[in-house]
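Peer 1: Provided herewith is a single structure, encoded as structure tokens, for subsequent inquiry.
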There are 2 protein chains.
Amino acid sequence: MNARRYRIDLSYDGTNYAGWQIQPNALTVQEVLEKNLLTLTKQPTKVHGSGRTDQGVHARRQTAHFDLQRDFPITAIRKGLNGLLPPDIRILRVRRVPGDFHARRSAVEKEYRYFIHCAEVLPPCLRLYRAHVRRALHVAAMQEAAHRLEGRHDFAAFTANPRRHVESTVRTVSECSVRKNGARIQIVARGEGFLYRMVRSLAGCLIRVGEGAVLPAEATRILKSGTRTAEVPTAPPQGLFLWNVKYDCGIVGTNADSDPSITAGK
Amino acid sequence: MNARRYRIDLSYDGTNYAGWQIQPNALTVQEVLEKNLLTLTKQPTKVHGSGRTDQGVHARRQTAHFDLQRDFPITAIRKGLNGLLPPDIRILRVRRVPGDFHARRSAVEKEYRYFIHCAEVLPPCLRLYRAHVRRALHVAAMQEAAHRLEGRHDFAAFTANPRRHVESTVRTVSECSVRKNGARIQIVARGEGFLYRMVRSLAGCLIRVGEGAVLPAEATRILKSGTRTAEVPTAPPQGLFLWNVKYDCGIVGTNADSDPSITAGK
């Protein structure tokens with residue numbers, strides 16, 4: 001008997017979780033999903049995410065897949081899970097997908113956004129969703145440095161642990177950009193895949209550039225050095241959102257049984 | 001010896017507090033402020049707010065005053081308190097004011113905003129800052145009803161407890177308006193003062209109108225009835241923000257020693 005594969009798109013507030021991936025002695029998003037899927041469907045199943053998110057990192061839209069041995073209506077999964085899950089994890093969409101769909105391996109692009117609140121005071125209701133920088137940042141310098149980080153490079157200098165990536169630390173960053181809107185500075189990072197803590201390292205370096213501690217042109221030298229230094233701190237987790245994971249439409253297939261998309265925009 | 005009077009503008013996330021006003025066996029914003037002012041200045045002082053906010057209600061900008069027996073630099077108060085207070089309470093601005101300034105009695109206008117997220121799913125990072133309504137609301141009907149609530153009326157039908165207001169339940173609402181931006185519906189209520197739970201009652205009634213359960217024209221009848229019914233539920237606290245409290249500039253006086261304003265905008 002063939003298992004049915006389901007794709008779920010979900011959103012979560014990472015504040016109260018030790019990240020996505022199941023680990024002993026700490027509550028994770030994956031664990032809470034699997035526990036509630038078992039309650040709902042009475043079928044034990046493993047949930048595979050598009051990738052991990054660290055403790056305190058949020059997801060505007062994460063994608064995962066799982067297999068069920070017996071068919072289960074997609075609307076019942078969405079409504080049932082949202083009835084069981086705590087309000088800091090929400091199912092946005094559920095789809096039946098072909099058996100060769102894989103949340104991690106089929107992903108063609110990931111987008112992360114990193115949010116900084118740049119002002120003396122961090123508004124209380126934003127404190128769990130922004131990095132706080134008290135002094136004004138030089139946004140044009142950050143933009144220039146960000147542009148230098150785009151493209152295909154060895155990002156060994158921008159990961160917290162290059163030995164985790166034994167095969168290669170080369171990645172293609174299709175967009176690294178900086179936008180300012182009032183006190184809010186937003187860093188957008190898009191690419192096929194990122195190294196461990198790479199987006200927070202890019203954000204940490206760009207903040208140093210904005211502070212004037214690192215010149216924009218230095219970004220190229222840091223990349224080429226292949227060695228992490230104090231010029232690349234890891235920016236705090238609460239500013240980071242996994243924004244979206246893209247898949248080729250062809251992979252989902254025309255037979256994908258889907259329900260209407262629900263916007264998770266803030 | 002004359003006491004020195006200080007005005008503070010502050011912002012708080014009401015999630016973890018039993019409201020503004022000190023009460024036994026529950027943590028309140030006023031209590032946390034007084035405790036930390038004592039730690040900072042070594043002078044016991046009572047903090048007077050512009051008004052109370054209920055449990056779970058937020059303040060983008062609340063105003064309060066207190067007196068100190070010995071002078072204390074305003075910048076040291078702002079920075080000192082922000083260093084001592086938990087991150088869900090932030091001091092935005094501190095000013096020296098004349099002794100006749102009173103946070104509640106000198107206020108000439110208060111503005112509240114009530115936020116509704118209207119979609120099947122409430123995004124996790126908004127769950128503490130929005131009321132959630134699953135089905136589409138009829139915004140034009142809400143706007144018509146809101147307009148009927150503007151002006152000078154007896155709002156006895158829109159308070160949770162009219163007996164708390166023994167003098168009068170007549171109030172002037174200078175603005176009651178409804179705006180929609182994507183899934184977000186914002187109710188703005190401005191006036192000289194509001195009755196107990198009046199803004200949440202206005203919001204509750206407007207939501208019923210948006211759902212089609214109450215016709216817009218009924219708002220006038222409900223006002224005139226002077227009696228609270230099921231047509232006026234109290235909307236949940238987490239959607240409500242005390243947005244701003246206005247004072248006549250003359251009251252603050254030209255001798256007011258002020259520091260630069262810090263925006264609390266989201």
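Ordering of the structure tokens sets the chain letters (A, B, ...), residue numbers begin anew at 1 in every chain, and ligands are numbered from 1 in the order given.
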Please identify every residue of chain B that has at least one atom no more than 8 Å from any atom of chain A, counting only C-alpha atoms, and report them as a VMD selection string.
Peer 2: chain B and resid 11 to 13 60 87 to 92 119 to 127 129 262 264 to 266
Peer 1: Set the distance at 6 Å and use only C-alpha atoms: which residues neighbour region 195-200 of chain B once local chain neighbours fewer than 6 positions away are removed? I'd like the list as a ChimeraX atom specification.
Peer 2: /B:158-160,234-235
Peer 1: From a DSSP calculation on the backbone, collect every residue of region 82-244 of chain B in alpha helix (DSSP H) and output the set as a compact mmCIF listing (two decimals) with N, CA and C atoms, in the first residue's frame.
Peer 2:
# COMPACT_ATOMS: atom_id res chain seq x y z
N ASN B 82 14.93 52.74 31.82
CA ASN B 82 14.99 51.75 30.74
C ASN B 82 16.04 50.67 31.02
N GLY B 83 17.03 51.01 31.83
CA GLY B 83 18.01 49.99 32.23
C GLY B 83 17.46 49.04 33.29
N LEU B 84 16.53 49.52 34.09
CA LEU B 84 15.98 48.71 35.19
C LEU B 84 14.71 47.95 34.80
N VAL B 139 -17.02 45.97 5.98
CA VAL B 139 -16.36 47.16 6.51
C VAL B 139 -17.21 48.42 6.30
N ALA B 140 -17.88 48.51 5.16
CA ALA B 140 -18.71 49.71 4.91
C ALA B 140 -19.81 49.83 5.97
N ALA B 141 -20.40 48.71 6.37
CA ALA B 141 -21.42 48.74 7.42
C ALA B 141 -20.82 49.18 8.75
N MET B 142 -19.62 48.70 9.04
CA MET B 142 -18.94 49.09 10.28
C MET B 142 -18.66 50.60 10.28
N GLN B 143 -18.25 51.10 9.10
CA GLN B 143 -17.96 52.53 8.99
C GLN B 143 -19.20 53.38 9.23
N GLU B 144 -20.35 52.91 8.67
CA GLU B 144 -21.59 53.66 8.87
C GLU B 144 -21.99 53.67 10.35
N ALA B 145 -21.91 52.50 10.99
CA ALA B 145 -22.26 52.42 12.41
C ALA B 145 -21.31 53.27 13.26
N ALA B 146 -20.01 53.23 12.92
CA ALA B 146 -19.02 54.01 13.68
C ALA B 146 -19.35 55.50 13.61
N HIS B 147 -19.73 55.94 12.43
CA HIS B 147 -20.08 57.35 12.24
C HIS B 147 -21.26 57.74 13.13
N ARG B 148 -22.22 56.83 13.28
CA ARG B 148 -23.40 57.10 14.12
C ARG B 148 -23.04 57.20 15.61
N LEU B 149 -21.90 56.64 15.98
CA LEU B 149 -21.49 56.67 17.39
C LEU B 149 -20.67 57.92 17.74
N MET B 198 -15.37 51.04 27.53
CA MET B 198 -16.19 51.60 26.45
C MET B 198 -15.60 51.33 25.06
N VAL B 199 -14.28 51.44 24.90
CA VAL B 199 -13.69 51.24 23.57
C VAL B 199 -13.86 49.78 23.14
N ARG B 200 -13.65 48.85 24.07
CA ARG B 200 -13.84 47.43 23.73
C ARG B 200 -15.31 47.14 23.46
N SER B 201 -16.23 47.90 24.07
CA SER B 201 -17.65 47.71 23.80
C SER B 201 -18.02 48.27 22.42
N LEU B 202 -17.45 49.45 22.09
CA LEU B 202 -17.66 50.00 20.74
C LEU B 202 -17.12 49.00 19.71
N ALA B 203 -15.92 48.48 19.95
CA ALA B 203 -15.33 47.52 19.01
C ALA B 203 -16.18 46.26 18.91
N GLY B 204 -16.66 45.78 20.05
CA GLY B 204 -17.50 44.57 20.06
C GLY B 204 -18.76 44.76 19.25
N CYS B 205 -19.40 45.92 19.40
CA CYS B 205 -20.62 46.21 18.64
C CYS B 205 -20.31 46.35 17.15
N LEU B 206 -19.20 47.03 16.83
CA LEU B 206 -18.84 47.21 15.41
C LEU B 206 -18.51 45.87 14.75
N ILE B 207 -17.93 44.95 15.49
CA ILE B 207 -17.66 43.62 14.94
C ILE B 207 -18.99 42.91 14.65
N ARG B 208 -19.96 43.03 15.56
CA ARG B 208 -21.28 42.44 15.33
C ARG B 208 -21.92 43.04 14.08
N VAL B 209 -21.74 44.36 13.88
CA VAL B 209 -22.25 45.01 12.67
C VAL B 209 -21.54 44.44 11.44
N GLY B 210 -20.22 44.29 11.52
CA GLY B 210 -19.44 43.75 10.40
C GLY B 210 -19.83 42.34 10.05
N GLU B 218 -28.92 50.41 13.66
CA GLU B 218 -29.24 50.00 15.03
C GLU B 218 -28.32 50.68 16.05
N ALA B 219 -27.15 51.13 15.61
CA ALA B 219 -26.21 51.77 16.54
C ALA B 219 -26.90 52.94 17.25
N THR B 220 -27.69 53.70 16.50
CA THR B 220 -28.39 54.85 17.08
C THR B 220 -29.42 54.39 18.12
N ARG B 221 -30.16 53.32 17.78
CA ARG B 221 -31.15 52.80 18.73
C ARG B 221 -30.49 52.29 20.00
N ILE B 222 -29.37 51.57 19.84
CA ILE B 222 -28.67 51.02 21.02
C ILE B 222 -28.21 52.17 21.92
N LEU B 223 -27.62 53.23 21.31
CA LEU B 223 -27.20 54.41 22.07
C LEU B 223 -28.37 54.97 22.88
N LYS B 224 -29.50 55.17 22.18
CA LYS B 224 -30.67 55.80 22.82
C LYS B 224 -31.28 54.92 23.90
N SER B 225 -31.15 53.59 23.74
CA SER B 225 -31.75 52.68 24.73
C SER B 225 -31.09 52.83 26.10
Peer 1: For Gly151 (chain B), list every protein, DNA or RNA residue within 12 Å, evaluated using only C-alpha atoms, and leave out those in the same chain fewer than 5 positions away; present the list as a list in words.
Peer 2: Ala146, Val170, Arg171, Thr172, Val173, Ser174, Glu175, Cys176, Ala189, Arg190, Gly191, Glu192, Thr220 and Leu223 of chain B
Peer 1: From a DSSP calculation on the backbone, collect every residue of region 183-253 of chain A in strand (DSSP E) and output the set as a count of residues only.
Peer 2: 16
